[in-house]
$ cat upload06.cif   # mmCIF, C-alpha atoms
data_structure
#
loop_
_atom_site.label_atom_id
_atom_site.label_comp_id
_atom_site.auth_asym_id
_atom_site.auth_seq_id
_atom_site.Cartn_x
_atom_site.Cartn_y
_atom_site.Cartn_z
CA MET A 20 -11.40 20.53 38.42
CA LEU A 21 -12.95 17.29 37.16
CA THR A 22 -16.44 17.26 35.70
CA PRO A 23 -18.98 14.89 37.31
CA SER A 24 -18.56 12.39 34.47
CA GLN A 25 -14.79 12.52 34.77
CA GLN A 26 -15.09 11.82 38.48
CA ALA A 27 -17.40 8.89 37.74
CA GLU A 28 -15.06 7.47 35.09
CA ALA A 29 -12.11 7.76 37.44
CA ARG A 30 -13.62 5.17 39.78
CA HIS A 31 -12.83 2.20 37.53
CA LEU A 32 -11.71 3.26 34.05
CA ALA A 33 -8.00 3.30 33.25
CA GLN A 34 -6.99 6.95 33.26
CA VAL A 35 -5.22 7.12 29.91
CA TYR A 36 -7.10 9.92 28.12
CA ALA A 37 -6.72 13.67 28.26
CA GLN A 38 -10.29 14.95 28.28
CA LEU A 39 -11.98 18.27 27.61
CA PRO A 40 -13.56 20.17 30.50
CA ILE A 41 -17.17 19.70 29.35
CA GLU A 42 -20.05 17.33 30.00
CA ALA A 43 -21.90 15.90 27.01
CA ASP A 44 -25.56 15.37 27.94
CA ARG A 45 -26.73 14.61 24.40
CA ALA A 46 -25.92 15.34 20.77
CA GLU A 47 -27.98 16.22 17.72
CA GLY A 48 -26.94 17.24 14.24
CA VAL A 49 -23.61 19.06 14.52
CA TYR A 50 -24.23 20.08 18.14
CA LEU A 51 -23.17 18.76 21.52
CA TYR A 52 -25.37 19.79 24.44
CA SER A 53 -23.65 20.42 27.75
CA GLY A 54 -25.97 21.65 30.48
CA GLY A 55 -27.43 24.81 29.03
CA ARG A 56 -24.77 25.11 26.35
CA ARG A 57 -25.06 24.21 22.67
CA ILE A 58 -21.61 23.56 21.24
CA ILE A 59 -20.85 23.33 17.52
CA ASP A 60 -18.74 20.21 17.04
CA PHE A 61 -16.00 20.89 14.50
CA TYR A 62 -14.11 17.79 15.67
CA GLY A 63 -16.69 15.05 15.17
CA GLY A 64 -15.25 12.61 17.69
CA HIS A 65 -11.93 12.18 15.86
CA ALA A 66 -13.56 12.44 12.39
CA VAL A 67 -16.14 9.74 13.15
CA ALA A 68 -19.48 11.60 13.09
CA SER A 69 -19.70 11.82 9.31
CA LEU A 70 -23.47 12.45 9.30
CA GLY A 71 -23.54 14.30 12.60
CA TYR A 72 -25.44 12.99 15.61
CA GLY A 73 -28.80 11.26 15.61
CA HIS A 74 -29.17 11.21 11.83
CA PRO A 75 -32.62 9.72 11.13
CA ASP A 76 -31.39 7.40 8.36
CA LEU A 77 -28.70 5.96 10.62
CA LEU A 78 -31.12 5.48 13.52
CA ALA A 79 -33.64 3.76 11.26
CA ALA A 80 -31.02 1.45 9.74
CA LEU A 81 -29.69 0.60 13.19
CA ALA A 82 -33.13 -0.26 14.55
CA ASP A 83 -34.22 -2.23 11.48
CA GLN A 84 -31.06 -4.32 11.34
CA ALA A 85 -31.01 -4.93 15.09
CA ARG A 86 -34.55 -6.31 14.92
CA SER A 87 -33.75 -8.43 11.86
CA MET A 88 -30.36 -9.81 12.95
CA TYR A 89 -28.24 -8.22 15.66
CA PHE A 90 -25.11 -10.27 15.02
CA GLN A 91 -23.71 -13.10 12.94
CA SER A 92 -20.09 -13.97 12.21
CA ASN A 93 -18.39 -14.45 8.86
CA ALA A 94 -19.07 -18.19 9.16
CA VAL A 95 -22.46 -17.37 7.64
CA ALA A 96 -22.85 -15.38 4.39
CA LEU A 97 -25.15 -12.36 4.70
CA GLN A 98 -26.87 -10.24 2.08
CA VAL A 99 -26.33 -7.12 4.20
CA ARG A 100 -22.58 -7.78 4.17
CA ALA A 101 -22.54 -8.38 0.43
CA GLN A 102 -24.49 -5.14 -0.11
CA ALA A 103 -22.08 -3.13 2.04
CA ALA A 104 -19.12 -4.46 0.06
CA ASP A 105 -20.88 -3.69 -3.23
CA ASP A 106 -21.66 -0.17 -2.04
CA LEU A 107 -18.14 0.51 -0.80
CA VAL A 108 -16.48 -0.75 -3.99
CA ALA A 109 -18.83 1.40 -6.07
CA PHE A 110 -18.23 4.45 -3.85
CA ALA A 111 -14.47 3.97 -4.36
CA GLY A 112 -14.94 3.91 -8.13
CA GLY A 113 -14.57 0.17 -8.60
CA ARG A 114 -10.79 0.32 -8.88
CA LEU A 115 -10.18 -1.77 -5.73
CA PRO A 116 -12.79 -4.50 -6.09
CA ARG A 117 -12.13 -6.61 -2.98
CA VAL A 118 -13.10 -5.73 0.61
CA PHE A 119 -12.12 -7.14 3.99
CA PHE A 120 -14.26 -5.68 6.79
CA VAL A 121 -12.72 -5.28 10.23
CA ASN A 122 -13.35 -3.08 13.27
CA SER A 123 -10.85 -0.20 13.51
CA GLY A 124 -8.36 1.75 11.47
CA ALA A 125 -5.42 0.14 13.23
CA GLU A 126 -6.80 -3.33 12.45
CA ALA A 127 -7.24 -2.45 8.79
CA ASN A 128 -3.65 -1.22 8.65
CA GLU A 129 -2.38 -4.34 10.46
CA ASN A 130 -3.94 -6.55 7.82
CA ALA A 131 -2.66 -4.42 4.94
CA LEU A 132 0.89 -4.59 6.30
CA LYS A 133 0.56 -8.34 6.90
CA ILE A 134 -0.56 -8.88 3.31
CA ALA A 135 2.29 -6.76 1.97
CA CYS A 136 4.96 -8.71 3.83
CA ARG A 137 3.40 -12.08 2.98
CA VAL A 138 2.87 -11.43 -0.72
CA THR A 139 6.24 -9.79 -1.40
CA GLY A 140 8.32 -11.91 0.98
CA ARG A 141 10.10 -8.73 2.04
CA SER A 142 10.77 -7.31 5.50
CA LYS A 143 10.93 -3.51 5.29
CA ILE A 144 8.15 -0.92 5.36
CA VAL A 145 8.68 2.70 4.35
CA ALA A 146 6.54 5.26 6.19
CA LEU A 147 6.44 9.03 6.54
CA GLU A 148 7.58 11.31 9.28
CA GLN A 149 4.61 12.78 11.20
CA GLY A 150 2.39 9.91 10.03
CA PHE A 151 -0.04 8.10 12.34
CA HIS A 152 -1.40 4.62 11.59
CA GLY A 153 -2.59 3.23 14.93
CA ARG A 154 -1.47 1.78 18.26
CA THR A 155 -1.43 -1.97 17.61
CA ALA A 156 1.88 -3.73 16.96
CA ALA A 157 2.42 -3.28 13.22
CA ALA A 158 0.43 -0.05 12.90
CA ALA A 159 2.35 1.52 15.77
CA ALA A 160 5.66 0.43 14.27
CA VAL A 161 5.00 2.60 11.21
CA THR A 162 3.71 5.55 13.27
CA TRP A 163 6.14 8.44 13.58
CA GLY A 164 7.45 8.95 17.10
CA SER A 165 6.30 5.54 18.32
CA GLN A 166 9.79 4.76 19.59
CA ALA A 167 8.92 6.95 22.57
CA TRP A 168 5.95 4.78 23.60
CA TYR A 169 6.07 1.54 21.62
CA GLY A 170 5.33 -1.08 24.26
CA PHE A 171 6.41 -4.30 22.55
CA PRO A 172 9.91 -5.81 22.90
CA ARG A 173 10.58 -5.68 19.17
CA GLN A 174 9.00 -4.52 15.91
CA PRO A 175 7.53 -7.07 13.48
CA PHE A 176 9.55 -5.72 10.54
CA ASP A 177 12.14 -3.09 9.64
CA VAL A 178 10.83 0.45 9.25
CA GLU A 179 12.41 3.40 7.49
CA PHE A 180 10.86 6.84 7.89
CA ILE A 181 11.31 9.50 5.25
CA PRO A 182 10.49 13.24 5.38
CA ARG A 183 7.14 14.13 3.86
CA ASP A 184 7.33 15.79 0.45
CA ASP A 185 10.95 14.63 -0.08
CA ALA A 186 10.87 12.76 -3.40
CA ALA A 187 14.63 12.11 -3.38
CA ALA A 188 14.37 10.43 0.02
CA ALA A 189 11.54 8.26 -1.28
CA ALA A 190 13.61 7.13 -4.25
CA ARG A 191 16.50 6.17 -1.94
CA ALA A 192 14.43 4.40 0.70
CA ILE A 193 12.05 2.35 -1.45
CA ASP A 194 14.22 -0.47 -2.79
CA GLY A 195 14.29 -4.20 -3.39
CA SER A 196 13.88 -4.95 0.32
CA THR A 197 10.72 -2.86 0.67
CA ALA A 198 7.43 -4.71 1.05
CA ALA A 199 5.28 -1.57 1.02
CA VAL A 200 5.12 2.15 1.51
CA ILE A 201 2.28 3.32 3.74
CA PHE A 202 1.11 6.92 3.91
CA GLU A 203 -1.86 9.17 4.60
CA PRO A 204 -2.60 11.36 1.56
CA VAL A 205 -3.71 13.98 4.08
CA GLN A 206 -2.06 13.41 7.42
CA GLY A 207 -4.52 13.67 10.29
CA VAL A 208 -2.73 13.60 13.62
CA GLY A 209 0.27 15.14 11.84
CA GLY A 210 -1.62 18.43 11.51
CA ALA A 211 -4.08 17.98 8.62
CA TYR A 212 -1.14 18.18 6.25
CA ASP A 213 -1.88 17.44 2.59
CA LEU A 214 1.04 15.86 0.78
CA ALA A 215 2.31 17.49 -2.41
CA PRO A 216 0.96 15.81 -5.57
CA ASP A 217 4.48 15.44 -7.05
CA PHE A 218 5.62 13.66 -3.89
CA VAL A 219 2.72 11.20 -3.93
CA ALA A 220 3.48 10.47 -7.59
CA ALA A 221 7.14 9.91 -6.69
CA LEU A 222 6.18 7.52 -3.88
CA ALA A 223 4.04 5.48 -6.24
CA ALA A 224 6.66 5.48 -8.99
CA ALA A 225 9.42 4.32 -6.63
CA ALA A 226 7.17 1.55 -5.31
CA ARG A 227 6.26 0.33 -8.79
CA LYS A 228 9.89 0.34 -9.86
CA SER A 229 11.03 -1.73 -6.87
CA GLY A 230 8.05 -4.08 -6.73
CA ALA A 231 6.81 -2.68 -3.44
CA LEU A 232 3.11 -2.23 -2.69
CA VAL A 233 1.37 1.10 -2.08
CA ILE A 234 -0.90 1.33 0.98
CA ALA A 235 -3.04 4.46 1.29
CA ASP A 236 -4.19 5.01 4.87
CA GLU A 237 -7.51 6.85 4.59
CA VAL A 238 -8.72 6.11 8.08
CA GLN A 239 -9.22 9.84 8.65
CA SER A 240 -9.28 11.31 5.13
CA GLY A 241 -11.66 8.82 3.54
CA VAL A 242 -15.41 8.43 3.06
CA GLY A 243 -15.97 11.89 1.60
CA ARG A 244 -13.97 13.92 4.08
CA SER A 245 -11.65 15.25 1.37
CA GLY A 246 -14.57 16.32 -0.82
CA GLN A 247 -13.96 13.23 -2.96
CA PRO A 248 -14.83 9.64 -2.09
CA PHE A 249 -11.22 9.15 -1.01
CA ALA A 250 -8.31 11.57 -0.87
CA VAL A 251 -6.28 9.47 -3.35
CA ASP A 252 -8.82 10.67 -5.92
CA LEU A 253 -7.33 14.15 -5.55
CA TYR A 254 -3.97 12.70 -6.56
CA GLY A 255 -5.13 10.47 -9.41
CA LEU A 256 -3.68 7.47 -7.57
CA VAL A 257 -4.97 3.90 -7.41
CA PRO A 258 -3.07 2.21 -4.56
CA ASP A 259 -2.68 -1.54 -4.15
CA MET A 260 -4.53 -1.32 -0.83
CA LEU A 261 -6.59 1.35 0.89
CA THR A 262 -7.69 1.37 4.51
CA THR A 263 -10.62 3.33 5.88
CA ALA A 264 -12.55 3.56 9.14
CA LYS A 265 -13.80 6.40 11.39
CA ALA A 266 -16.49 8.03 9.20
CA LEU A 267 -17.39 4.72 7.54
CA GLY A 268 -20.06 3.72 10.06
CA GLY A 269 -21.14 7.22 11.07
CA GLY A 270 -20.33 6.45 14.72
CA PHE A 271 -20.57 2.65 14.81
CA PRO A 272 -17.19 0.86 15.06
CA CYS A 273 -16.20 -0.55 11.68
CA SER A 274 -13.41 -0.35 9.13
CA ALA A 275 -12.42 -1.82 5.81
CA LEU A 276 -9.42 -2.81 3.78
CA LEU A 277 -9.92 -2.43 0.04
CA LEU A 278 -7.47 -4.28 -2.17
CA SER A 279 -6.77 -5.13 -5.78
CA GLU A 280 -8.01 -8.28 -7.43
CA ALA A 281 -4.41 -9.40 -7.93
CA LEU A 282 -3.65 -9.24 -4.21
CA ALA A 283 -6.95 -10.81 -3.18
CA ALA A 284 -6.26 -13.74 -5.51
CA GLN A 285 -3.19 -14.59 -3.44
CA LEU A 286 -5.14 -14.94 -0.18
CA LYS A 287 -6.36 -18.33 0.99
CA PRO A 288 -9.17 -19.14 3.43
CA GLY A 289 -7.97 -18.70 6.98
CA GLU A 290 -5.15 -16.23 6.20
CA LEU A 291 -7.23 -13.32 7.46
CA GLY A 292 -9.94 -13.36 10.06
CA THR A 293 -12.14 -11.35 12.41
CA THR A 294 -14.99 -12.13 14.77
CA PHE A 295 -16.88 -8.85 14.71
CA GLY A 296 -15.71 -7.35 11.42
CA GLY A 297 -18.45 -7.31 8.80
CA GLY A 298 -21.20 -7.76 11.38
CA PRO A 299 -24.73 -7.06 10.15
CA ILE A 300 -25.28 -3.82 12.06
CA ALA A 301 -21.95 -2.37 10.94
CA CYS A 302 -22.66 -3.35 7.33
CA ALA A 303 -26.16 -1.86 7.37
CA LEU A 304 -24.71 1.42 8.62
CA VAL A 305 -21.89 1.43 6.04
CA SER A 306 -24.45 1.19 3.26
CA THR A 307 -26.55 3.91 4.87
CA VAL A 308 -23.64 6.34 5.27
CA LEU A 309 -22.60 5.91 1.64
CA ARG A 310 -26.18 6.25 0.40
CA VAL A 311 -26.80 9.46 2.35
CA ILE A 312 -23.52 11.00 1.15
CA GLY A 313 -24.63 10.48 -2.44
CA ARG A 314 -28.30 11.32 -2.01
CA ASP A 315 -27.72 14.55 -0.09
CA GLY A 316 -24.83 15.87 -2.18
CA LEU A 317 -22.45 15.90 0.77
CA LEU A 318 -19.27 15.72 -1.32
CA ALA A 319 -20.24 19.00 -2.98
CA ASN A 320 -21.15 20.42 0.42
CA VAL A 321 -17.68 19.58 1.73
CA ARG A 322 -15.97 21.17 -1.26
CA THR A 323 -18.03 24.36 -1.08
CA LEU A 324 -17.73 24.94 2.65
CA SER A 325 -14.07 23.93 2.71
CA ALA A 326 -13.30 26.55 0.08
CA GLY A 327 -15.09 29.12 2.25
CA LEU A 328 -13.09 28.10 5.30
CA ARG A 329 -9.83 28.40 3.39
CA GLU A 330 -10.81 31.88 2.26
CA ARG A 331 -12.22 33.21 5.53
CA ALA A 332 -10.57 31.36 8.41
CA VAL A 333 -7.27 33.25 8.15
CA THR A 334 -8.30 35.65 10.85
CA GLY A 335 -7.60 36.20 14.52
CA PRO A 336 -4.75 33.86 15.55
CA VAL A 337 -4.82 31.87 12.27
CA GLU A 338 -2.06 32.59 9.78
CA SER A 339 -2.73 29.87 7.20
CA VAL A 340 -4.95 26.87 6.39
CA GLN A 341 -3.74 23.46 5.22
CA GLY A 342 -5.34 20.10 4.47
CA GLN A 343 -8.25 19.13 2.24
CA GLY A 344 -12.03 19.18 2.51
CA PHE A 345 -13.17 18.75 6.10
CA LEU A 346 -9.74 17.61 7.24
CA LEU A 347 -8.27 21.06 7.73
CA GLY A 348 -5.48 22.44 9.85
CA LEU A 349 -5.53 26.05 11.05
CA ARG A 350 -1.92 27.06 11.60
CA CYS A 351 -1.87 29.56 14.44
CA ARG A 352 0.59 32.13 15.71
CA ARG A 353 0.24 30.77 19.23
CA PRO A 354 -0.30 27.34 20.79
CA ALA A 355 -3.22 25.40 19.33
CA LYS A 356 -4.27 24.18 22.77
CA ASP A 357 -4.82 27.80 23.86
CA VAL A 358 -6.89 28.56 20.75
CA GLN A 359 -8.87 25.36 21.33
CA ALA A 360 -9.69 26.42 24.89
CA GLU A 361 -10.70 29.93 23.82
CA LEU A 362 -12.99 28.58 21.09
CA LEU A 363 -14.56 26.10 23.50
CA ALA A 364 -15.36 29.00 25.81
CA ARG A 365 -17.28 30.40 22.83
CA ASP A 366 -19.16 27.09 22.33
CA ILE A 367 -17.10 25.79 19.41
CA LEU A 368 -15.23 22.49 19.74
CA VAL A 369 -12.10 21.94 17.63
CA GLY A 370 -9.19 19.53 17.88
CA THR A 371 -5.45 19.82 18.13
CA SER A 372 -2.71 17.70 16.55
CA SER A 373 0.88 16.59 17.04
CA ASP A 374 1.88 19.97 15.60
CA PRO A 375 1.58 22.35 18.56
CA LYS A 376 0.58 25.26 16.33
CA VAL A 377 -2.16 23.50 14.32
CA VAL A 378 -5.85 23.41 15.27
CA ARG A 379 -7.57 20.52 13.49
CA LEU A 380 -11.09 20.65 12.00
CA LEU A 381 -12.93 17.37 11.36
CA PRO A 382 -16.61 18.36 11.29
CA PRO A 383 -19.54 16.27 10.09
CA LEU A 384 -20.07 16.32 6.34
CA THR A 385 -23.52 17.77 7.10
CA LEU A 386 -22.01 21.06 8.33
CA ALA A 387 -23.81 24.19 7.08
CA ARG A 388 -22.76 27.71 6.15
CA GLU A 389 -24.09 29.10 9.43
CA HIS A 390 -21.64 26.91 11.36
CA VAL A 391 -18.72 28.15 9.28
CA ASP A 392 -19.88 31.72 9.92
CA ALA A 393 -19.89 31.06 13.66
CA LEU A 394 -16.35 29.65 13.61
CA VAL A 395 -14.99 32.53 11.54
CA ALA A 396 -16.62 35.08 13.85
CA ALA A 397 -15.22 33.34 16.92
CA LEU A 398 -11.71 33.23 15.45
CA ALA A 399 -11.87 36.92 14.59
CA ASP A 400 -12.91 37.59 18.16
CA LEU A 401 -9.70 35.96 19.42
CA ASP A 402 -7.41 38.48 17.70
#

$ encode --input "upload06.cif" --output "structure tokens"
Amino acid sequence: MLTPSQQAEARHLAQVYAQLPIEADRAEGVYLYSGGRRIIDFYGGHAVASLGYGHPDLLAALADQARSMYFQSNAVALQVRAQAADDLVAFAGGRLPRVFFVNSGAEANENALKIACRVTGRSKIVALEQGFHGRTAAAAAVTWGSQAWYGFPRQPFDVEFIPRDDAAAAARAIDGSTAAVIFEPVQGVGGAYDLAPDFVAALAAAARKSGALVIADEVQSGVGRSGQPFAVDLYGLVPDMLTTAKALGGGFPCSALLLSEALAAQLKPGELGTTFGGGPIACALVSTVLRVIGRDGLLANVRTLSAGLRERAVTGPVESVQGQGFLLGLRCRRPAKDVQAELLARDILVGTSSDPKVVRLLPPLTLAREHVDALVAALADLD
């Protein structure tokens, strides 16, 4: 049975999405409102709603910037763009001091891969099994399982996939033909799976030894979701490039590629480009998101509540918890899609993943203890 909105969308929209059986009338804080229901959103629109819905700081920044300047391209320098770059570099600890703003995670990854191939002159990318990096040409080529749906006649470069947490495989695969290794420190679609620290260190060491670049894909795990500014901070790693999106604009489409000074020095005007990336509204919202995370102590909030979830969520159908911060996977004894449906019936929205037994949690960083209590009680009720 289709909801009224699904019926309306079916008139003209391409029917390419599996959708949940709810209507969303409005959203506020961490809640979705559907008719008379108030649903706690533990999924955050694919990890996008970093400050929840209708955050007053975001709404004010949006309105102020729209009145001041709704749009301008990169042909004109803007203070709001410079400020967003300053804020993002500072948030990331200053270790990757150059920023290229674009529009989506896939686009950020495309540009990182392009830079890697151009700078090294090499033609192979090493990626991880179960990894997801996007659906555009290069990003899809390094996404695990894309051979089943990759729609282009050929890939733009050679790709070798290695098992996650297999240091020996990394040492074999990353060689003199490798332009870069790309990986998510905490895999999102792959089941909120946090890579072993020794494996991440081995990846970086193999890349340094062979002259390959290290690309950290933090499209899902970044911007505070791990309880640190970026998940690489948990591993003590400074990559050559880092991509981030989703939570960066708090719901407004934007993304960024952060890169080292050495790499940026090899780029010439015209080698990268974007029409909408780094637009004034996106940049105003990036600065606002980062400011609110710091001002309101949201990194500490993520760490505290995540620790509580790890301790208490192993109940009902859940047998273990994996991931980091607010990118958590609840490994269940039965299909995740069934657990998702049962929780939704109890007014709690969660996600699934490519792992059929893992329920994925990607809540706003503004989540509170009462919301964790509600999830734990609902899970216990499913036993």

$ resolve_selection --input "upload06.cif" --expression "the PyMOL selection byres ((chain A and resi 112) around 12)" --output "ChimeraX atom specification"
/A:105-111,113-116,247-249,251-252,255-257,277

$ atom_distance --input "upload06.cif" --atom1 "atom CA of Ala127 of chain A" --atom2 "atom CA of Met260 of chain A"
10.1 Å

$ residues_around --input "upload06.cif" --residues "segment 54-66 of chain A" --least-positions-apart "4" --cutoff "7 Å" --atoms "only C-alpha atoms" --output "PyMOL selection string"
chain A and resi 44+49-50+239+265-266+366-370+380-383

$ resolve_selection --input "upload06.cif" --expression "the PyMOL selection byres ((chain A and resi 297) around 9)" --output "list in words"
Gln91, Ser92, Asn93, Arg100, Ala103, Phe119, Phe120, Val121, Asn122, Cys273, Ser274, Ala275, Thr293, Thr294, Phe295, Gly296, Gly298, Pro299, Ile300, Ala301 and Cys302 of chain A

$ residues_around --input "upload06.cif" --residues "segment 311-319 of chain A" --least-positions-apart "6" --cutoff "12 Å" --atoms "only C-alpha atoms" --output "PyMOL selection string"
chain A and resi 69-71+74-77+80+106-107+109-110+241-250+266-269+304-305+325-326+344-345+383-387
